[in-house]
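Coordinates as given in input-v8.cif (mmCIF, C-alpha atoms and all ligand atoms):
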```cif
data_input
loop_
_atom_site.label_atom_id
_atom_site.label_comp_id
_atom_site.auth_asym_id
_atom_site.auth_seq_id
_atom_site.Cartn_x
_atom_site.Cartn_y
_atom_site.Cartn_z
CA MET A 1311 -0.74 -8.73 -21.45
CA VAL A 1312 -3.77 -7.19 -19.75
CA PRO A 1313 -7.17 -8.41 -20.92
CA ASP A 1314 -10.05 -6.20 -22.00
CA TYR A 1315 -11.95 -5.28 -18.81
CA SER A 1316 -15.18 -4.65 -20.68
CA LYS A 1317 -15.19 -8.32 -21.78
CA PHE A 1318 -15.16 -9.68 -18.22
CA PRO A 1319 -18.39 -11.30 -16.96
CA PRO A 1320 -20.87 -8.66 -15.70
CA GLU A 1321 -20.25 -9.43 -12.00
CA HIS A 1322 -16.74 -7.99 -12.36
CA ILE A 1323 -17.98 -4.65 -13.68
CA PRO A 1324 -18.06 -2.37 -10.62
CA ILE A 1325 -20.92 -0.19 -11.73
CA SER A 1326 -23.32 -0.15 -14.70
CA LEU A 1327 -22.85 2.36 -17.47
CA GLU A 1328 -26.21 3.98 -16.67
CA ALA A 1329 -25.23 4.37 -13.01
CA LEU A 1330 -21.88 5.79 -14.07
CA GLN A 1331 -23.60 8.39 -16.22
CA LYS A 1332 -25.72 9.41 -13.23
CA LEU A 1333 -22.63 9.72 -10.99
CA HIS A 1334 -20.80 11.66 -13.67
CA ARG A 1335 -23.48 14.35 -13.57
CA GLN A 1336 -22.71 14.86 -9.86
CA ILE A 1337 -18.91 14.54 -9.76
CA ASP A 1338 -16.42 16.75 -11.60
CA THR A 1339 -13.47 14.92 -13.16
CA PRO A 1340 -10.87 13.57 -12.90
CA ALA A 1341 -11.91 11.97 -9.62
CA VAL A 1342 -11.19 8.81 -7.65
CA LEU A 1343 -14.19 6.59 -7.02
CA ILE A 1344 -14.09 3.86 -4.43
CA ILE A 1345 -16.63 1.08 -4.68
CA GLU A 1346 -17.33 0.85 -0.98
CA GLU A 1347 -18.73 -2.69 -0.87
CA ARG A 1348 -15.65 -4.05 -2.62
CA MET A 1349 -13.28 -2.16 -0.36
CA GLN A 1350 -15.09 -3.36 2.79
CA LYS A 1351 -14.95 -6.92 1.47
CA ASN A 1352 -11.20 -6.60 0.86
CA ILE A 1353 -10.73 -5.27 4.41
CA ARG A 1354 -12.74 -8.19 5.83
CA SER A 1355 -11.06 -10.89 3.80
CA ILE A 1356 -7.47 -9.99 4.77
CA GLN A 1357 -8.63 -9.61 8.37
CA ALA A 1358 -10.08 -13.13 8.09
CA LEU A 1359 -6.71 -14.39 6.79
CA ALA A 1360 -4.99 -12.75 9.77
CA ASN A 1361 -7.45 -14.30 12.21
CA LYS A 1362 -7.14 -17.74 10.61
CA THR A 1363 -3.35 -17.69 10.66
CA LYS A 1364 -3.27 -16.16 14.19
CA CYS A 1365 -1.43 -13.10 12.95
CA ARG A 1366 -1.98 -9.51 13.95
CA LEU A 1367 -2.85 -7.31 10.98
CA ARG A 1368 -1.03 -3.99 10.76
CA PRO A 1369 -2.01 -2.72 7.29
CA HIS A 1370 0.33 -0.40 5.40
CA ILE A 1371 -1.62 2.81 4.94
CA LYS A 1372 0.68 4.30 2.30
CA THR A 1373 -1.83 2.79 -0.15
CA HIS A 1374 -4.77 5.00 0.84
CA LYS A 1375 -3.19 7.67 3.11
CA SER A 1376 -6.60 8.23 4.67
CA ALA A 1377 -7.30 8.39 8.41
CA GLU A 1378 -10.91 7.38 7.79
CA LEU A 1379 -9.95 4.25 5.85
CA ALA A 1380 -7.27 3.36 8.41
CA LYS A 1381 -9.97 3.55 11.09
CA ARG A 1382 -12.15 1.19 9.08
CA GLN A 1383 -9.26 -1.30 9.00
CA LEU A 1384 -8.80 -0.92 12.76
CA LYS A 1385 -12.52 -1.34 13.36
CA ALA A 1386 -12.41 -4.60 11.40
CA GLY A 1387 -9.68 -5.92 13.71
CA ALA A 1388 -6.30 -4.48 12.73
CA VAL A 1389 -4.05 -3.91 15.77
CA GLY A 1390 -2.39 -0.77 14.46
CA ILE A 1391 -1.06 0.63 11.21
CA THR A 1392 2.16 0.67 9.21
CA VAL A 1393 3.42 3.82 7.54
CA ALA A 1394 6.46 4.59 5.41
CA LYS A 1395 6.90 8.22 6.39
CA LEU A 1396 6.87 10.28 9.56
CA GLY A 1397 4.55 12.73 7.76
CA GLU A 1398 2.02 9.92 7.44
CA ALA A 1399 2.53 8.97 11.09
CA GLU A 1400 1.92 12.57 12.20
CA VAL A 1401 -1.35 12.81 10.28
CA MET A 1402 -2.56 9.46 11.60
CA GLN A 1403 -1.60 10.22 15.20
CA GLN A 1404 -3.34 13.58 14.94
CA ALA A 1405 -6.44 11.68 13.81
CA GLY A 1406 -6.31 9.55 16.97
CA ILE A 1407 -4.40 6.46 15.80
CA HIS A 1408 -1.83 5.61 18.43
CA ASP A 1409 -0.16 2.35 17.42
CA ILE A 1410 2.07 3.04 14.45
CA PHE A 1411 4.98 1.15 12.90
CA VAL A 1412 7.22 3.29 10.69
CA ALA A 1413 8.60 0.56 8.43
CA ASN A 1414 11.56 2.67 7.46
CA GLN A 1415 14.95 3.89 8.59
CA ILE A 1416 15.24 7.38 10.11
CA ALA A 1417 18.44 9.29 9.41
CA HIS A 1418 17.74 13.03 9.06
CA PRO A 1419 18.14 15.30 12.15
CA HIS A 1420 14.72 16.94 11.61
CA LYS A 1421 13.09 13.56 11.42
CA ILE A 1422 14.74 12.40 14.64
CA ARG A 1423 13.25 15.36 16.50
CA ARG A 1424 9.84 14.78 14.91
CA LEU A 1425 10.08 11.11 15.89
CA LEU A 1426 10.65 12.08 19.51
CA LYS A 1427 7.47 14.17 19.49
CA LEU A 1428 5.48 11.29 18.03
CA HIS A 1429 7.03 8.87 20.52
CA ARG A 1430 5.98 11.05 23.46
CA LYS A 1431 2.36 11.10 22.30
CA GLY A 1432 1.76 7.45 21.41
CA ARG A 1433 3.24 4.11 20.42
CA VAL A 1434 5.63 4.46 17.50
CA ILE A 1435 7.96 1.65 16.42
CA ILE A 1436 10.67 2.22 13.83
CA GLY A 1437 12.89 0.08 11.63
CA LEU A 1438 16.68 -0.23 11.91
CA ASP A 1439 19.21 -2.11 9.83
CA HIS A 1440 22.56 -0.56 10.81
CA PRO A 1441 24.29 0.58 14.04
CA ARG A 1442 24.86 4.01 12.50
CA GLN A 1443 21.11 4.70 12.81
CA ILE A 1444 21.43 4.12 16.57
CA ASP A 1445 24.28 6.62 16.73
CA LEU A 1446 22.15 9.23 14.97
CA LEU A 1447 19.17 8.67 17.28
CA ARG A 1448 21.17 8.56 20.53
CA PRO A 1449 21.75 12.28 21.21
CA VAL A 1450 18.02 13.00 21.00
CA PHE A 1451 16.62 9.85 22.60
CA THR A 1452 19.13 8.95 25.30
CA GLN A 1453 17.56 11.20 27.96
CA ASN A 1454 14.10 9.93 27.26
CA ASN A 1455 12.77 7.58 29.90
CA LYS A 1456 10.28 5.72 27.68
CA PRO A 1457 12.33 3.31 25.51
CA LEU A 1458 11.96 3.62 21.76
CA GLU A 1459 10.70 0.36 20.27
CA VAL A 1460 12.60 -0.82 17.22
CA ARG A 1461 12.44 -3.69 14.77
CA ILE A 1462 15.37 -4.97 12.78
CA GLU A 1463 14.72 -5.12 9.05
CA ILE A 1464 15.81 -8.29 7.29
CA ASP A 1465 16.35 -8.46 3.54
CA SER A 1466 14.42 -11.49 2.32
CA GLY A 1467 15.38 -10.94 -1.31
CA LEU A 1468 14.13 -7.46 -2.28
CA LYS A 1469 17.69 -6.10 -2.18
CA ARG A 1470 16.54 -2.82 -0.65
CA CYS A 1471 17.11 -2.22 3.06
CA GLY A 1472 17.67 -4.89 5.67
CA VAL A 1473 20.49 -6.82 7.33
CA GLN A 1474 22.22 -9.24 4.98
CA SER A 1475 23.56 -11.96 7.30
CA LYS A 1476 23.19 -13.74 10.63
CA GLU A 1477 26.28 -11.89 11.90
CA ALA A 1478 24.83 -8.49 10.96
CA LEU A 1479 21.52 -9.37 12.63
CA LEU A 1480 23.12 -10.54 15.87
CA GLY A 1481 25.60 -7.67 15.89
CA LEU A 1482 22.83 -5.10 15.53
CA ALA A 1483 20.60 -6.87 18.07
CA ASN A 1484 23.50 -6.85 20.52
CA ARG A 1485 24.02 -3.11 19.98
CA ILE A 1486 20.32 -2.42 20.56
CA THR A 1487 20.23 -4.35 23.81
CA ARG A 1488 23.19 -2.33 25.12
CA GLU A 1489 21.22 0.93 24.76
CA PRO A 1490 18.75 1.33 27.65
CA TRP A 1491 16.73 3.88 25.66
CA LEU A 1492 16.00 1.29 22.94
CA LYS A 1493 13.82 -1.82 23.04
CA LEU A 1494 14.18 -4.58 20.46
CA GLU A 1495 10.50 -5.27 19.79
CA GLY A 1496 10.76 -7.42 16.69
CA ILE A 1497 11.99 -8.13 13.19
CA PHE A 1498 10.37 -7.41 9.84
CA THR A 1499 10.75 -7.96 6.12
CA HIS A 1500 8.95 -7.04 2.91
CA ALA A 1501 9.26 -9.40 -0.06
CA GLY A 1502 8.52 -6.73 -2.67
CA GLN A 1503 10.47 -8.74 -5.24
CA ALA A 1504 7.21 -10.68 -5.66
CA TYR A 1505 6.12 -7.85 -7.99
CA GLY A 1506 8.78 -9.10 -10.40
CA ALA A 1507 7.74 -12.75 -10.16
CA ALA A 1508 7.06 -14.56 -13.41
CA SER A 1509 4.11 -16.67 -12.23
CA PRO A 1510 1.70 -17.28 -9.33
CA GLU A 1511 3.89 -20.26 -8.37
CA ALA A 1512 6.92 -17.98 -8.17
CA ILE A 1513 4.94 -15.60 -5.93
CA ALA A 1514 4.00 -18.52 -3.66
CA HIS A 1515 7.65 -19.52 -3.42
CA ILE A 1516 8.76 -15.97 -2.56
CA GLY A 1517 6.00 -15.73 0.09
CA LYS A 1518 7.02 -19.01 1.74
CA GLU A 1519 10.65 -17.90 1.71
CA GLU A 1520 9.68 -14.56 3.24
CA GLY A 1521 8.14 -16.43 6.19
CA ARG A 1522 10.96 -18.96 6.47
CA ILE A 1523 13.69 -16.31 6.48
CA VAL A 1524 12.19 -14.29 9.35
CA ALA A 1525 11.38 -17.47 11.29
CA GLU A 1526 15.02 -18.54 10.99
CA ALA A 1527 16.17 -15.08 12.12
CA LYS A 1528 13.91 -15.30 15.17
CA GLY A 1529 15.57 -18.64 16.00
CA TRP A 1530 19.05 -17.08 15.76
CA LEU A 1531 18.03 -14.34 18.21
CA GLU A 1532 16.65 -16.94 20.61
CA GLU A 1533 19.90 -18.91 20.47
CA VAL A 1534 21.66 -15.94 22.02
CA GLY A 1535 18.89 -15.43 24.59
CA LEU A 1536 16.95 -12.63 22.87
CA GLN A 1537 13.16 -12.90 22.88
CA ILE A 1538 11.17 -10.69 20.53
CA GLU A 1539 7.46 -9.99 20.41
CA THR A 1540 6.92 -9.50 16.71
CA VAL A 1541 7.86 -11.35 13.54
CA SER A 1542 6.36 -9.22 10.79
CA VAL A 1543 6.01 -9.82 7.04
CA GLY A 1544 3.92 -8.48 4.30
CA SER A 1545 3.13 -7.52 0.82
CA THR A 1546 -0.19 -7.98 -0.94
CA PRO A 1547 1.08 -10.64 -3.39
CA THR A 1548 2.87 -12.77 -0.77
CA VAL A 1549 0.75 -12.43 2.36
CA ASN A 1550 -1.32 -15.55 1.74
CA TYR A 1551 1.87 -17.60 1.85
CA SER A 1552 4.11 -15.84 4.37
CA ALA A 1553 1.29 -15.67 6.94
CA GLN A 1554 1.16 -19.49 7.01
CA ASN A 1555 4.56 -19.72 8.71
CA GLU A 1556 3.97 -20.52 12.38
CA GLN A 1557 6.60 -18.09 13.65
CA VAL A 1558 5.10 -15.16 11.75
CA ASN A 1559 2.71 -13.24 13.99
CA GLU A 1560 2.13 -9.97 12.13
CA ILE A 1561 1.21 -9.15 8.51
CA ARG A 1562 1.43 -5.74 6.81
CA PRO A 1563 -0.17 -5.79 3.36
CA GLY A 1564 -1.28 -2.41 2.00
CA ASN A 1565 -2.51 -2.54 -1.57
CA TYR A 1566 -5.17 -5.23 -0.83
CA ILE A 1567 -7.66 -2.58 0.29
CA PHE A 1568 -8.08 -1.49 -3.36
CA TYR A 1569 -6.10 -3.88 -5.60
CA ASP A 1570 -5.36 -2.61 -9.15
CA GLY A 1571 -4.26 -3.50 -12.68
CA ILE A 1572 -0.82 -4.68 -11.58
CA GLN A 1573 -2.27 -7.08 -8.98
CA MET A 1574 -4.68 -8.37 -11.62
CA ALA A 1575 -1.85 -8.92 -14.11
CA LEU A 1576 0.12 -10.78 -11.43
CA GLY A 1577 -2.90 -13.01 -10.76
CA VAL A 1578 -3.11 -11.79 -7.16
CA CYS A 1579 -6.73 -10.59 -7.42
CA ARG A 1580 -9.75 -11.03 -9.64
CA PRO A 1581 -11.15 -8.02 -11.53
CA GLY A 1582 -14.20 -8.11 -9.25
CA GLN A 1583 -12.02 -7.29 -6.24
CA CYS A 1584 -10.69 -4.00 -7.62
CA ALA A 1585 -12.21 -1.16 -5.60
CA LEU A 1586 -10.52 2.04 -6.80
CA PHE A 1587 -11.20 3.64 -10.17
CA VAL A 1588 -10.55 6.96 -11.84
CA LEU A 1589 -13.57 8.72 -13.32
CA ALA A 1590 -12.69 10.86 -16.35
CA THR A 1591 -14.52 12.74 -19.10
CA VAL A 1592 -14.02 12.39 -22.83
CA ILE A 1593 -12.89 15.83 -23.98
CA SER A 1594 -11.97 15.16 -27.60
CA ARG A 1595 -12.28 12.59 -30.38
CA PRO A 1596 -10.06 13.93 -33.14
CA VAL A 1597 -10.31 10.72 -35.21
CA PRO A 1598 -12.74 7.79 -34.87
CA ASP A 1599 -10.23 5.44 -33.24
CA ARG A 1600 -8.80 7.89 -30.67
CA ILE A 1601 -10.38 9.63 -27.75
CA VAL A 1602 -8.76 11.99 -25.30
CA ILE A 1603 -9.82 12.17 -21.64
CA ASP A 1604 -9.18 14.83 -18.98
CA ALA A 1605 -7.01 12.47 -16.92
CA GLY A 1606 -3.28 12.45 -17.66
CA SER A 1607 -0.22 11.51 -15.67
CA LYS A 1608 -1.27 13.85 -12.84
CA ALA A 1609 -4.49 11.84 -12.47
CA LEU A 1610 -3.41 8.31 -13.37
CA ASN A 1611 0.35 8.15 -12.79
CA LEU A 1612 2.84 6.72 -15.27
CA ASP A 1613 3.45 3.43 -13.46
CA ARG A 1614 3.26 0.47 -15.83
CA GLY A 1615 4.58 -2.01 -13.32
CA ALA A 1616 7.62 -0.30 -11.86
CA HIS A 1617 9.09 -3.38 -10.18
CA ALA A 1618 7.43 -5.90 -12.42
CA ARG A 1619 9.19 -8.03 -14.98
CA PHE A 1620 6.24 -7.34 -17.29
CA ILE A 1621 5.24 -3.93 -18.54
CA LEU A 1622 1.50 -3.34 -18.76
CA ASN A 1623 0.38 -2.42 -22.25
CA GLY A 1624 -1.10 0.88 -21.22
CA TYR A 1625 -1.56 3.33 -18.36
CA GLY A 1626 -4.87 1.92 -17.14
CA MET A 1627 -7.86 -0.03 -18.41
CA PRO A 1628 -11.19 1.44 -19.51
CA VAL A 1629 -13.89 -0.51 -17.65
CA HIS A 1630 -16.91 -0.36 -19.96
CA HIS A 1631 -15.28 0.01 -23.38
CA SER A 1632 -12.60 -1.80 -25.35
CA GLY A 1633 -9.42 0.15 -25.78
CA PHE A 1634 -6.25 0.97 -23.98
CA LEU A 1635 -4.56 4.05 -22.62
CA SER A 1636 -1.69 4.41 -25.04
CA GLY A 1637 -0.29 7.71 -23.85
CA LEU A 1638 -0.47 10.20 -21.03
CA SER A 1639 0.69 13.77 -20.97
CA GLU A 1640 0.25 15.71 -17.76
CA GLU A 1641 -3.43 16.55 -18.23
CA HIS A 1642 -4.49 14.40 -21.18
CA GLY A 1643 -4.98 10.68 -21.53
CA VAL A 1644 -5.00 9.24 -25.04
CA ILE A 1645 -7.01 6.08 -25.64
CA GLN A 1646 -7.02 3.92 -28.73
CA ILE A 1647 -10.55 2.62 -29.29
CA PRO A 1648 -12.29 0.58 -31.97
CA PRO A 1649 -13.65 3.13 -34.48
CA ASN A 1650 -17.23 1.93 -33.99
CA THR A 1651 -17.19 2.72 -30.23
CA SER A 1652 -20.18 4.85 -29.27
CA LEU A 1653 -18.22 7.22 -26.94
CA ARG A 1654 -18.89 10.93 -27.50
CA ILE A 1655 -17.28 14.10 -26.20
CA GLY A 1656 -18.75 14.77 -22.74
CA ASP A 1657 -19.24 11.07 -21.88
CA PRO A 1658 -17.81 9.56 -18.70
CA LEU A 1659 -15.04 7.00 -18.80
CA LEU A 1660 -14.14 4.80 -15.86
CA ILE A 1661 -10.52 3.61 -15.68
CA LEU A 1662 -8.94 0.87 -13.58
CA PRO A 1663 -5.50 2.32 -12.77
CA ASN A 1664 -2.36 0.21 -12.92
CA HIS A 1665 -1.16 1.21 -9.46
CA ALA A 1666 -3.78 2.35 -6.94
CA CYS A 1667 -1.28 3.54 -4.27
CA ALA A 1668 0.41 5.94 -6.68
CA VAL A 1669 -2.96 7.26 -7.91
CA ALA A 1670 -4.38 7.85 -4.42
CA ASN A 1671 -1.50 10.18 -3.59
CA LEU A 1672 -2.54 12.45 -6.48
CA TYR A 1673 -5.97 13.33 -5.09
CA GLU A 1674 -7.34 15.40 -2.24
CA LYS A 1675 -10.43 13.28 -1.72
CA TYR A 1676 -12.09 9.99 -2.46
CA TYR A 1677 -15.68 9.62 -3.60
CA LEU A 1678 -17.08 6.57 -1.83
CA VAL A 1679 -19.89 5.00 -3.81
CA ASP A 1680 -22.20 2.70 -1.86
CA ALA A 1681 -24.50 -0.04 -3.14
CA ASN A 1682 -27.37 2.47 -3.56
CA LEU A 1683 -25.10 4.82 -5.51
CA GLN A 1684 -25.06 7.27 -2.64
CA ILE A 1685 -21.84 9.26 -2.73
CA GLY A 1686 -19.75 9.94 0.37
CA GLU A 1687 -16.55 11.94 0.46
CA THR A 1688 -13.45 11.49 2.55
CA SER A 1689 -10.12 13.26 2.37
CA VAL A 1690 -6.79 11.63 1.43
CA THR A 1691 -5.50 13.03 4.68
CA ALA A 1692 -1.81 12.22 4.30
CA ARG A 1693 -1.43 12.76 0.55
CA GLY A 1694 1.90 14.25 -0.39
CA ARG A 1695 3.31 13.60 3.12
CA SER A 1696 6.55 12.19 1.77
CA GLN A 1697 8.92 13.67 4.33
C1 LIG B 1701 8.01 -2.28 4.32
C2 LIG B 1701 6.72 -2.53 3.62
N1 LIG B 1701 5.78 -3.26 4.22
C3 LIG B 1701 4.59 -3.52 3.62
C4 LIG B 1701 4.30 -3.04 2.36
C5 LIG B 1701 2.97 -3.35 1.73
O1 LIG B 1701 3.08 -4.06 0.53
P1 LIG B 1701 1.96 -4.05 -0.58
O2 LIG B 1701 1.86 -2.69 -1.13
O3 LIG B 1701 2.39 -5.07 -1.57
O4 LIG B 1701 0.69 -4.46 0.07
C6 LIG B 1701 5.27 -2.27 1.70
C7 LIG B 1701 5.00 -1.74 0.36
O5 LIG B 1701 5.78 -1.07 -0.27
C8 LIG B 1701 6.50 -2.00 2.34
O6 LIG B 1701 7.46 -1.27 1.74
#
```

What does this structure look like when you write it as structure tokens?
Ligand SMILES: Cc1ncc(COP(=O)(O)O)c(C=O)c1O
Amino acid sequence: MVPDYSKFPPEHIPISLEALQKLHRQIDTPAVLIIEERMQKNIRSIQALANKTKCRLRPHIKTHKSAELAKRQLKAGAVGITVAKLGEAEVMQQAGIHDIFVANQIAHPHKIRRLLKLHRKGRVIIGLDHPRQIDLLRPVFTQNNKPLEVRIEIDSGLKRCGVQSKEALLGLANRITREPWLKLEGIFTHAGQAYGAASPEAIAHIGKEEGRIVAEAKGWLEEVGLQIETVSVGSTPTVNYSAQNEQVNEIRPGNYIFYDGIQMALGVCRPGQCALFVLATVISRPVPDRIVIDAGSKALNLDRGAHARFILNGYGMPVHHSGFLSGLSEEHGVIQIPPNTSLRIGDPLLILPNHACAVANLYEKYYLVDANLQIGETSVTARGRSQ
């Protein structure tokens, strides 16, 4: 299913083997390397898509969980950020980011109190898809004089959260407008089912549908006299298509900042766009056709395409050598290699992970490698903030 990375034309290889050996002498492993030029290019190109389609870009930062990288996205033109968790929002607000959309439903009493604190300090918008969420928020928010901005989530086919019908949408919108402490700011959807699409054409279709469905929902709200500011869509696979809809005015892709093996397998990116890699060390070669590296499931994650219809044939792709990651235990990665491969114990191995977002959350810091091989470091500020 996934091709041999080492056989791609040289321009796709992020760093030469000699340069990798030099870096490996300076960086203990396992470690996450970010090829800075590629990441900056990814940031610029989705910003350019947003500008061209007259959409605001509000990237989902659950991919990188880094205040520094979020600030780079904002500097390039993003209007704010999207998060999945209040813990992420708290870290980002603390770092000085004050326009945050929590694309999630809030239902725990602790979270409701934490949300109020965030709301008092800066702009925080949350998602709703059921009147019960309003009832849970009311006791804490009703006395507050600054209205809480909310967006109604619409299910455009993912079958996760989101209202399921026109009646449910209008009923919830009506409830929101009757609460003076709430403001209906917009609607949003996430067509994550694109990760299970069978072909690039199927992804295009899902993306167009994602845009059409929210545009239609906006029309239904207008029919009953409700104007909203934001019609928000977004996933990395679909954004090129959903952003084309004229009613859509905000996009929220996340993974595009790094891309990864899953995006490559889906045909969403080229290998030369992948920006995040795991640097590991060969620690054993018990037989000629098997090496073991010091990166296991706690460094690479077990995701082989969680939502995808395909399963990747390994847990990541070695960049400079043929072979595939056939097994991971917690701290060991097992790689089948051709027996004539020159790799020795102590050598570096660079791996393209299957799912960059899941890998980022496993590390405390990123090593940013610039074009001159200078190494910068930045912390994965919100890693593990899953509450
Ligand atoms: C609500 C929501 N918006 C946006 C995104 C970003 O999608 P992607 O990771 O495909 O870029 C996600 C990802 O899970 C999401 O759940």

Which of these residues is nearest to Val1669 of chain A, using only C-alpha atoms: A:Ala1329, A:Ala1605, A:Leu1438, A:Ile1523? A:Ala1605

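Checking A:Pro1663, A:Gly1502, A:Gly1397, A:Gly1571 one by one against Leu1468 of chain A, counting only C-alpha atoms, you find the shortest gap at A:Gly1502.
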
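Of the listed residues A:Leu1672, A:Ile1371, A:Leu1586, A:Val1534, the one whose atoms come nearest to Ile1344 of chain A is A:Leu1586, with distances taken using only C-alpha atoms.
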
Environment of ligand LIG 1701 (chain B) within 8 Å, counting all atoms listed in the file, reported as an MDAnalysis selection string: chainID A and resid 1369:1370 1372:1373 1392 1394 1413:1414 1498:1500 1502 1505 1543:1548 1562:1566 1667

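In this structure, atom CA of Val1644 of chain A sits 13.4 Å away from atom CA of Asn1611 of chain A.
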
Mind checking which residues fall within 12 Å of Ala1512 of chain A, counting only C-alpha atoms, ignoring those fewer than 3 positions away in the same chain, and posting them as a list in words? Gln1503, Ala1504, Tyr1505, Gly1506, Ala1507, Ala1508, Ser1509, His1515, Ile1516, Gly1517, Lys1518, Glu1519, Pro1547, Thr1548, Tyr1551, Leu1576, Gly1577 and Val1578 of chain A

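Remark: for Ser1696 of chain A, the closest of the candidate residues A:Arg1654, A:Lys1375, A:Lys1385, A:Arg1595 is A:Lys1375 (distances computed over all atoms listed in the file).
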
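Using only C-alpha atoms, the contacts of Val1450 of chain A at a cut-off of 8 Å, with sequence neighbours closer than 6 positions omitted, comprise Ile1422, Arg1423 and Leu1426 of chain A.
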
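With atom CA of Ala1525 of chain A on one side and atom CA of Thr1540 of chain A on the other, the separation reads 10.6 Å.
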
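The list of residues with at least one atom within 8 Å of Arg1366 of chain A, based on all atoms listed in the file and without residues fewer than 2 positions apart in the same chain, reads Ala1360, Asn1361, Lys1364, Arg1368, Ala1388, Val1389, Asn1559, Glu1560 and Ile1561 of chain A.
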